[in-house]
There are 2 protein chains.
Amino acid sequence: MTNFSRLQARHLELFRDIVGAANVLTDEESLDRYAHDETEDLHYPPEVVLKPDTTAQVSRIMQLCSRENLPVTPRGGGTGLSGGALPQWGGVLLSTERLNRIIQIDERNLQVTVEPGVITEVLQNAVREKGLFYPPDPSSRGSCLIGGNIAENSGGPKAVKYGVVRDYVLNLELVLPSGEVIWTGANVLKNSTGYNLTQLVVGSEGTLGVVTKIVLRLIPLPKYDLLMLVPFRSAENACAAVSAIFRAGYTPSALEFMERDALEWVTRYVDSSTVKIEDDVQAHLLIEVDGNYPDVLMQEMEGIAAVVTEFDCGEILFAEDHQQKEELWKLRRRVAEAVKANSVYKEEDTVVPRAELPALLKGVKEIGRKYGFHSVCYGHAGDGNLHVNIIRGQLTEAQWNGTLKEGIREIFRLVKQLGGTISGEHGIGLVQKPYMDVMFEAAHLQLMKQIKEVFDPQHILNRGKIFD
Amino acid sequence: MTNFSRLQARHLELFRDIVGAANVLTDEESLDRYAHDETEDLHYPPEVVLKPDTTAQVSRIMQLCSRENLPVTPRGGGTGLSGGALPQWGGVLLSTERLNRIIQIDERNLQVTVEPGVITEVLQNAVREKGLFYPPDPSSRGSCLIGGNIAENSGGPKAVKYGVVRDYVLNLELVLPSGEVIWTGANVLKNSTGYNLTQLVVGSEGTLGVVTKIVLRLIPLPKYDLLMLVPFRSAENACAAVSAIFRAGYTPSALEFMERDALEWVTRYVDSSTVKIEDDVQAHLLIEVDGNYPDVLMQEMEGIAAVVTEFDCGEILFAEDHQQKEELWKLRRRVAEAVKANSVYKEEDTVVPRAELPALLKGVKEIGRKYGFHSVCYGHAGDGNLHVNIIRGQLTEAQWNGTLKEGIREIFRLVKQLGGTISGEHGIGLVQKPYMDVMFEAAHLQLMKQIKEVFDPQHILNRGKIFD
């Protein structure tokens with residue numbers, strides 16, 4: 001179990017038989033392209049890249065790899081932020097990019113059946129044309145794949161009102177490591193028929209099986225939305241305003257938080273003049289409401305504006321038209337890129353009950369002072385989901401890859417103490433794995449490991465991730 | 001593993017040590033009281049009833065029963081409809097009724113922490129007083145317990161807009177069969193931290209562990225609702241109207257279907273004069289909308305009325321005031337009782353994609369004609385969840401407990417063919433267990449059984465349920 005076989009020429013022959021020679025890549029450039037995702041600067045090349053385009057091919061690949069004891073790493077768009085798709089053990093990189101059909105948009109039942117290689121935004125646009133809405137909306141939506149979103153249980157800005165990926169997944173076609181194929185559930189909105197394998201697979205980061213078809217529920221597309229940007233003189237006050245909005249009875253369709261640095265860096269990065277950040281402003285909230293009745297939305301925006309005013313905010317910018325909305329959303333969506341362009345960084349995906357956000361932010365800054373790091377924080381505040389970006393800046397190698405680990409551990413201990421957890425939407429993958437013991441006791445980790453063994457007794461599938 | 005130990009006097013002594021003598025019941029009347037739930041006329045007395053009131057006591061009970069190889073059946077309010085809480089193997093009945101504290105209503109985070117023995121309606125009323133809403137709402141809400149709702153992943157009329165129990169469960173304290181205690185998740189709205197044990201436990205019918213604390217998310221209470229009752233001359237037309245309402249962009253907060261017999265029987269049963277059922281009416285839809293803006297609700301009701309008119313409906317009854325709403329809801333909620341009072345029956349909890357409802361109803365009636373049974377159908381049509389009540393009537397013993405099984409099997413095959421499943425909210429328990437092979441292939445069932453073994457290698461917990 002510990003030692004995998006090395007890839008041999010005869011394996012390549014067999015793979016060519018299954019997917020065709022054009023879909024078996026071994027040239028160095030290709031291996032290099034699949035060696036990284038968007039996580040820090042990690043680099044783990046596979047020995048071969050396979051691009052199946054049917055469930056049957058995936059099944060045959062898994063059968064072969066089980067028999068030959070070859071490690072398999074499934075991969076979507078390569079936009080992951082926890083290293084979940086990196087082939088740490090070499091072997092087979094199973095790319096789902098050619099499994100990219102939207103099989104059926106079922107307008108009668110408000111469902112869609114897709115393959116995992118469909119780009120999230122492509123799916124969203126396709127259902128939007130039918131007046132339907134698939135809300136989960138990661139910042140990488142233009143390049144990430146639905147299969148990867150399911151692996152990580154992605155969220156995005158709309159989750160605060162509409163829920164995360166798991167709230168839309170009804171049924172999954174899953175190829176087990178043995179090559180057997182099952183459907184995990186049924187195409188229904190309610191299900192009390194045995195254990196919920198669908199929800200066990202969502203968020204399992206490709207460690208239990210390879211998802212080859214997905215049935216998602218859809219909802220009617222809301223017709224209107226309004227957007228505003230609210231500056232605050234204190235970042236903690238901005239966080240405190242978040243839970244006050246919900247306590248006042250409002251459920252925005254997005255409620256995003258950005259620290260001063262985040263908005264300042266991205267404004268420079270995309271060369272935008274939409275927002276002028278006043279000197280005394282420490283953070284912003286980007287707040288959206290949506291629905292079918294413009295008058296109601298206007299009333300809600302006014303109500304929310306009244307709430308935030310209690311938290312010492314500056315002058316609110318109400319987006320005037322579609323173009324200004326797009327501009328504000330572009331700033332929010334490209335924050336991660338801007339931070340990345342500014343410095344190497346480590347991104348932590350903390351999440352707490354939303355009223356604990358001020359305590360989390362305060363704690364992160366204190367821990368930063370103690371360990372000598374600067375952090376830029378932003379995220380889906382309505383969900384209590386704060387992305388903490390630790391900037392490398394002037395940190396030495398010993399600090400960056402040494403003592404910083406203890407600082408991160410302190411952040412995660414604080415998160416747990418506040419009732420939260422160490423990943424809200426990015427997953428554990430490789431980079432959060434060393435911290436799993438902060439969240440889980442031995443008995444709990446043992447249950448997860450044994451469930452992994454039920455599905456994958458040889459540990460050939462995405463070995464080295466989460467806890468493996 | 002196959003043979004449990006018999007309960008001995010020394011076990012009773014040890015149990016008295018743990019929970020106190022008053023909470024160890026062995027008298028015949030008590031054993032009899034815990035021998036049935038609301039499923040048909042099944043009767044399985046336990047050997048002893050235990051009523052712990054702390055997690056520590058539950059843990060000690062489970063440790064003892066593991067060591068002594070005694071079967072344990074956890075039980076909530078005893079309102080189950082699939083026999084999930086029946087102690088088929090005798091042994092220990094673990095009643096959660098004294099674990100009945102609402103530990104904390106967290107108004108800052110819109111969450112509540114409760115013990116499993118809280119009555120669903122008690123919880124709903126407690127959070128309502130704070131302006132908050134816990135939507136899952138089984139008909140038995142006045143006597144069922146939250147723990148049982150979690151075991152069966154209950155639904156109820158509000159699920160169509162607000163989702164089922166699993167959509168509200170954030171975190172569970174779980175006592176494993178070994179006596180170890182874990183929290184399955186975190187108190188957060190988003191979570192991508194390892195396998196989702198929370199959702200694995202929801203709907204697992206008390207076979208994986210004993211839930212001792214529950215963290216639920218809450219939402220703001222909608223301020224207004226409107227209700228209407230729509231008669232149809234054809235039951236299939238009523239079903240067809242259901243998906244048309246959603247396709248027109250409306251999401252009612254309840255959308256209930258009742259066949260003529262259902263409404264007629266309950267009207268007689270509760271001696272109500274609210275509804276006069278015209279001779280040519282075959283079915284009704286009960287439709288509710290809710291929200292914070294009365295004008296919007298009125299617009300939505302008019303829009304929905306326009307949709308149903310396309311399906312040859314009769315004169316719509318708009319509930320005039322709170323009292324009339326209550327009266328209509330009472331009729332819907334007490335249908336099951338009325339059917340039960342009319343005849344012995346078997347209730348199937350079918351669910352299909354909602355646009356397939358007309359095909360399901362038509363198929364059920366055809367199968368009934370073939371096997372000679374009369375059925376009364378009603379349920380949560382907005383979710384595609386149809387309760388098929390097979391009336392014993394004049395069926396012989398050989399038909400009722402013999403050939404009828406094949407008829408039920410045909411219904412379930414049809415359900416599967418329509419993309420549905422054999423239980424939407426009642427669970428599998430004892431009575432649907434023989435039909436699990438209709439839904440699941442061997443490889444799938446094997447995964448479930450192995451997951452059971454991970455949690456409960458001795459199979460002491462709720463043995464005989466789902467597939468065990």
# chains A, B, ... in the order shown; residues from 1 in each chain; ligands from 1
>>> interface_residues(of="chain A", to="chain B", cutoff="7 Å", atoms="only C-alpha atoms", output="MDAnalysis selection string")
chainID A and resid 108:109 152:153 182 186:196 199:200 203:204 220 243 247 249 351:355 383 419:428 444 447:448 450:451 454 466
>>> select_by_dssp(residues="stretch 93-248 of chain B", states="strand (DSSP E)", output="PyMOL selection string")
chain B and resi 93-95+102-106+111-114+132-133+169-175+181-183+210-217+219-220+224-232
>>> write_last_selection(atoms="C-alpha atoms", output="PDB file, in the first residue's frame")
ATOM      1  CA  LEU B  93     -34.489   1.114  23.959  1.00  0.00           C
ATOM      2  CA  LEU B  94     -32.596   4.376  24.387  1.00  0.00           C
ATOM      3  CA  SER B  95     -35.190   7.118  24.670  1.00  0.00           C
ATOM      4  CA  ILE B 102     -32.906  24.253  24.180  1.00  0.00           C
ATOM      5  CA  ILE B 103     -29.335  25.050  25.130  1.00  0.00           C
ATOM      6  CA  GLN B 104     -28.867  28.379  23.369  1.00  0.00           C
ATOM      7  CA  ILE B 105     -30.661  30.541  20.850  1.00  0.00           C
ATOM      8  CA  ASP B 106     -27.809  32.550  19.351  1.00  0.00           C
ATOM      9  CA  GLN B 111     -28.235  29.585  15.226  1.00  0.00           C
ATOM     10  CA  VAL B 112     -29.741  27.405  17.911  1.00  0.00           C
ATOM     11  CA  THR B 113     -28.155  24.584  19.889  1.00  0.00           C
ATOM     12  CA  VAL B 114     -30.635  21.966  21.089  1.00  0.00           C
ATOM     13  CA  LEU B 132     -36.485  33.664  13.861  1.00  0.00           C
ATOM     14  CA  PHE B 133     -37.640  30.745  11.781  1.00  0.00           C
ATOM     15  CA  VAL B 169     -28.070  21.089  10.394  1.00  0.00           C
ATOM     16  CA  LEU B 170     -24.638  22.671  10.877  1.00  0.00           C
ATOM     17  CA  ASN B 171     -23.068  20.449  13.491  1.00  0.00           C
ATOM     18  CA  LEU B 172     -23.901  17.390  15.584  1.00  0.00           C
ATOM     19  CA  GLU B 173     -22.569  16.005  18.823  1.00  0.00           C
ATOM     20  CA  LEU B 174     -22.489  12.282  18.221  1.00  0.00           C
ATOM     21  CA  VAL B 175     -21.907   9.409  20.628  1.00  0.00           C
ATOM     22  CA  VAL B 181     -18.016  11.501  21.560  1.00  0.00           C
ATOM     23  CA  ILE B 182     -17.279  13.717  18.542  1.00  0.00           C
ATOM     24  CA  TRP B 183     -18.655  16.875  16.982  1.00  0.00           C
ATOM     25  CA  VAL B 210     -26.576   8.643  18.937  1.00  0.00           C
ATOM     26  CA  VAL B 211     -27.009  12.372  18.324  1.00  0.00           C
ATOM     27  CA  THR B 212     -26.888  14.231  21.645  1.00  0.00           C
ATOM     28  CA  LYS B 213     -26.588  17.883  20.583  1.00  0.00           C
ATOM     29  CA  ILE B 214     -27.603  19.687  17.422  1.00  0.00           C
ATOM     30  CA  VAL B 215     -26.609  23.072  16.010  1.00  0.00           C
ATOM     31  CA  LEU B 216     -29.198  24.372  13.553  1.00  0.00           C
ATOM     32  CA  ARG B 217     -29.086  27.488  11.433  1.00  0.00           C
ATOM     33  CA  ILE B 219     -33.439  32.380   9.168  1.00  0.00           C
ATOM     34  CA  PRO B 220     -35.417  35.584   9.693  1.00  0.00           C
ATOM     35  CA  TYR B 224     -46.739  37.606   5.972  1.00  0.00           C
ATOM     36  CA  ASP B 225     -48.286  34.689   4.151  1.00  0.00           C
ATOM     37  CA  LEU B 226     -51.249  34.031   1.893  1.00  0.00           C
ATOM     38  CA  LEU B 227     -52.980  30.709   1.317  1.00  0.00           C
ATOM     39  CA  MET B 228     -55.318  29.347  -1.317  1.00  0.00           C
ATOM     40  CA  LEU B 229     -57.034  26.048  -2.026  1.00  0.00           C
ATOM     41  CA  VAL B 230     -57.507  25.115  -5.672  1.00  0.00           C
ATOM     42  CA  PRO B 231     -59.892  22.328  -6.786  1.00  0.00           C
ATOM     43  CA  PHE B 232     -59.176  20.406  -9.992  1.00  0.00           C
TER      44      PHE B 232
END
>>> atom_distance(atom1="atom CA of A:Leu42", atom2="atom CA of A:Val344")
11.6 Å
>>> residues_around(residues="A:Val275", least_positions_apart="4", cutoff="10 Å", atoms="only C-alpha atoms", output="list of chain:residue names")
A:Leu229, A:Leu263, A:Glu264, A:Thr267, A:Leu317, A:Glu327, A:Leu328, A:Leu331
>>> atom_distance(atom1="atom CA of B:Gly407", atom2="atom CA of B:Val376")
15.0 Å
>>> select_by_dssp(residues="stretch 219-254 of chain B", states="helix (DSSP H, G or I)", output="JSON, numbers by chain")
{"B": [235, 236, 237, 238, 239, 240, 241, 242, 243, 244, 245, 246, 247]}
>>> write_last_selection(atoms="N, CA and C atoms", output="PDB file, in the first residue's frame")
ATOM      1  N   ALA B 235     -57.024  14.812 -11.255  1.00  0.00           N
ATOM      2  CA  ALA B 235     -55.881  14.760 -10.332  1.00  0.00           C
ATOM      3  C   ALA B 235     -54.571  14.912 -11.098  1.00  0.00           C
ATOM      4  N   GLU B 236     -54.524  14.340 -12.300  1.00  0.00           N
ATOM      5  CA  GLU B 236     -53.300  14.483 -13.090  1.00  0.00           C
ATOM      6  C   GLU B 236     -53.071  15.934 -13.495  1.00  0.00           C
ATOM      7  N   ASN B 237     -54.142  16.636 -13.798  1.00  0.00           N
ATOM      8  CA  ASN B 237     -54.023  18.063 -14.101  1.00  0.00           C
ATOM      9  C   ASN B 237     -53.491  18.844 -12.903  1.00  0.00           C
ATOM     10  N   ALA B 238     -53.969  18.492 -11.717  1.00  0.00           N
ATOM     11  CA  ALA B 238     -53.472  19.163 -10.507  1.00  0.00           C
ATOM     12  C   ALA B 238     -51.962  18.978 -10.409  1.00  0.00           C
ATOM     13  N   CYS B 239     -51.511  17.745 -10.648  1.00  0.00           N
ATOM     14  CA  CYS B 239     -50.068  17.464 -10.597  1.00  0.00           C
ATOM     15  C   CYS B 239     -49.313  18.226 -11.683  1.00  0.00           C
ATOM     16  N   ALA B 240     -49.917  18.308 -12.858  1.00  0.00           N
ATOM     17  CA  ALA B 240     -49.255  19.009 -13.956  1.00  0.00           C
ATOM     18  C   ALA B 240     -49.127  20.504 -13.652  1.00  0.00           C
ATOM     19  N   ALA B 241     -50.115  21.061 -12.925  1.00  0.00           N
ATOM     20  CA  ALA B 241     -50.068  22.489 -12.580  1.00  0.00           C
ATOM     21  C   ALA B 241     -48.863  22.800 -11.686  1.00  0.00           C
ATOM     22  N   VAL B 242     -48.453  21.812 -10.904  1.00  0.00           N
ATOM     23  CA  VAL B 242     -47.372  22.029  -9.937  1.00  0.00           C
ATOM     24  C   VAL B 242     -46.097  22.513 -10.616  1.00  0.00           C
ATOM     25  N   SER B 243     -45.643  21.764 -11.628  1.00  0.00           N
ATOM     26  CA  SER B 243     -44.372  22.188 -12.219  1.00  0.00           C
ATOM     27  C   SER B 243     -44.554  23.458 -13.044  1.00  0.00           C
ATOM     28  N   ALA B 244     -45.772  23.665 -13.564  1.00  0.00           N
ATOM     29  CA  ALA B 244     -46.028  24.899 -14.325  1.00  0.00           C
ATOM     30  C   ALA B 244     -45.847  26.139 -13.442  1.00  0.00           C
ATOM     31  N   ILE B 245     -46.221  26.031 -12.178  1.00  0.00           N
ATOM     32  CA  ILE B 245     -46.069  27.164 -11.254  1.00  0.00           C
ATOM     33  C   ILE B 245     -44.593  27.554 -11.123  1.00  0.00           C
ATOM     34  N   PHE B 246     -43.735  26.551 -10.973  1.00  0.00           N
ATOM     35  CA  PHE B 246     -42.300  26.845 -10.849  1.00  0.00           C
ATOM     36  C   PHE B 246     -41.717  27.373 -12.153  1.00  0.00           C
ATOM     37  N   ARG B 247     -42.184  26.768 -13.268  1.00  0.00           N
ATOM     38  CA  ARG B 247     -41.657  27.208 -14.553  1.00  0.00           C
ATOM     39  C   ARG B 247     -42.063  28.648 -14.840  1.00  0.00           C
TER      40      ARG B 247
END
>>> atom_distance(atom1="atom CA of B:His387", atom2="atom CA of B:Glu347")
6.5 Å
>>> closest_residue(among="A:Asn3, A:Gly142, A:Leu404, A:Asn342", to="A:Arg369", atoms="only C-alpha atoms")
A:Leu404
>>> residues_around(residues="B:Met301", least_positions_apart="2", cutoff="9 Å", atoms="only C-alpha atoms", output="PyMOL selection string")
chain B and resi 226-228+287-289+296-299+303-306
>>> write_last_selection(atoms="N, CA, C and O atoms", output="short mmCIF file (atom, residue, chain, number, x, y, z; two decimals), in the first residue's frame")
data_model
loop_
_atom_site.label_atom_id
_atom_site.label_comp_id
_atom_site.auth_asym_id
_atom_site.auth_seq_id
_atom_site.Cartn_x
_atom_site.Cartn_y
_atom_site.Cartn_z
N LEU B 226 -49.91 34.15 2.49
CA LEU B 226 -51.25 34.03 1.89
C LEU B 226 -51.44 32.57 1.50
O LEU B 226 -50.49 31.89 1.15
N LEU B 227 -52.70 32.13 1.55
CA LEU B 227 -52.98 30.71 1.32
C LEU B 227 -54.20 30.57 0.42
O LEU B 227 -55.17 31.31 0.56
N MET B 228 -54.12 29.62 -0.51
CA MET B 228 -55.32 29.35 -1.32
C MET B 228 -55.47 27.85 -1.56
O MET B 228 -54.50 27.10 -1.55
N ILE B 287 -51.90 26.02 -1.71
CA ILE B 287 -50.73 26.80 -2.13
C ILE B 287 -50.53 28.00 -1.22
O ILE B 287 -51.45 28.80 -1.03
N GLU B 288 -49.33 28.13 -0.67
CA GLU B 288 -49.01 29.24 0.21
C GLU B 288 -47.83 30.02 -0.35
O GLU B 288 -46.91 29.43 -0.92
N VAL B 289 -47.87 31.33 -0.21
CA VAL B 289 -46.68 32.14 -0.46
C VAL B 289 -46.38 32.93 0.81
O VAL B 289 -47.30 33.26 1.57
N VAL B 296 -46.37 42.28 -2.78
CA VAL B 296 -45.69 41.29 -3.60
C VAL B 296 -46.41 39.95 -3.49
O VAL B 296 -46.62 39.26 -4.49
N LEU B 297 -46.80 39.59 -2.27
CA LEU B 297 -47.48 38.31 -2.08
C LEU B 297 -48.79 38.28 -2.87
O LEU B 297 -49.15 37.28 -3.48
N MET B 298 -49.51 39.39 -2.84
CA MET B 298 -50.77 39.48 -3.57
C MET B 298 -50.52 39.28 -5.07
O MET B 298 -51.23 38.52 -5.74
N GLN B 299 -49.48 39.93 -5.56
CA GLN B 299 -49.11 39.79 -6.98
C GLN B 299 -48.77 38.34 -7.31
O GLN B 299 -49.16 37.81 -8.34
N GLY B 303 -50.57 35.76 -9.84
CA GLY B 303 -49.81 35.10 -10.90
C GLY B 303 -50.01 33.58 -10.85
O GLY B 303 -50.22 32.94 -11.89
N ILE B 304 -49.97 33.02 -9.67
CA ILE B 304 -50.14 31.58 -9.52
C ILE B 304 -51.57 31.18 -9.91
O ILE B 304 -51.79 30.16 -10.58
N ALA B 305 -52.54 32.00 -9.50
CA ALA B 305 -53.94 31.72 -9.86
C ALA B 305 -54.09 31.68 -11.38
O ALA B 305 -54.79 30.81 -11.93
N ALA B 306 -53.39 32.58 -12.06
CA ALA B 306 -53.47 32.59 -13.52
C ALA B 306 -52.88 31.32 -14.11
O ALA B 306 -53.39 30.78 -15.09
#
>>> residues_around(residues="A:Ser343", least_positions_apart="2", cutoff="8 Å", atoms="only C-alpha atoms", output="list in words")
Val339, Lys340, Ala341, Tyr345, Ile391, Arg392 and Gly393 of chain A
>>> closest_residue(among="A:Gly206, A:Val266, A:Gln8, A:Val431", to="A:Thr73", atoms="only C-alpha atoms")
A:Gly206
>>> residues_around(residues="B:Gln458", least_positions_apart="6", cutoff="10 Å", atoms="only C-alpha atoms", output="list in words")
Met1, Thr2, Phe4, Ser66, Arg67, Asn69, Leu70, Pro71, Pro177, Ser178 and Lys452 of chain B
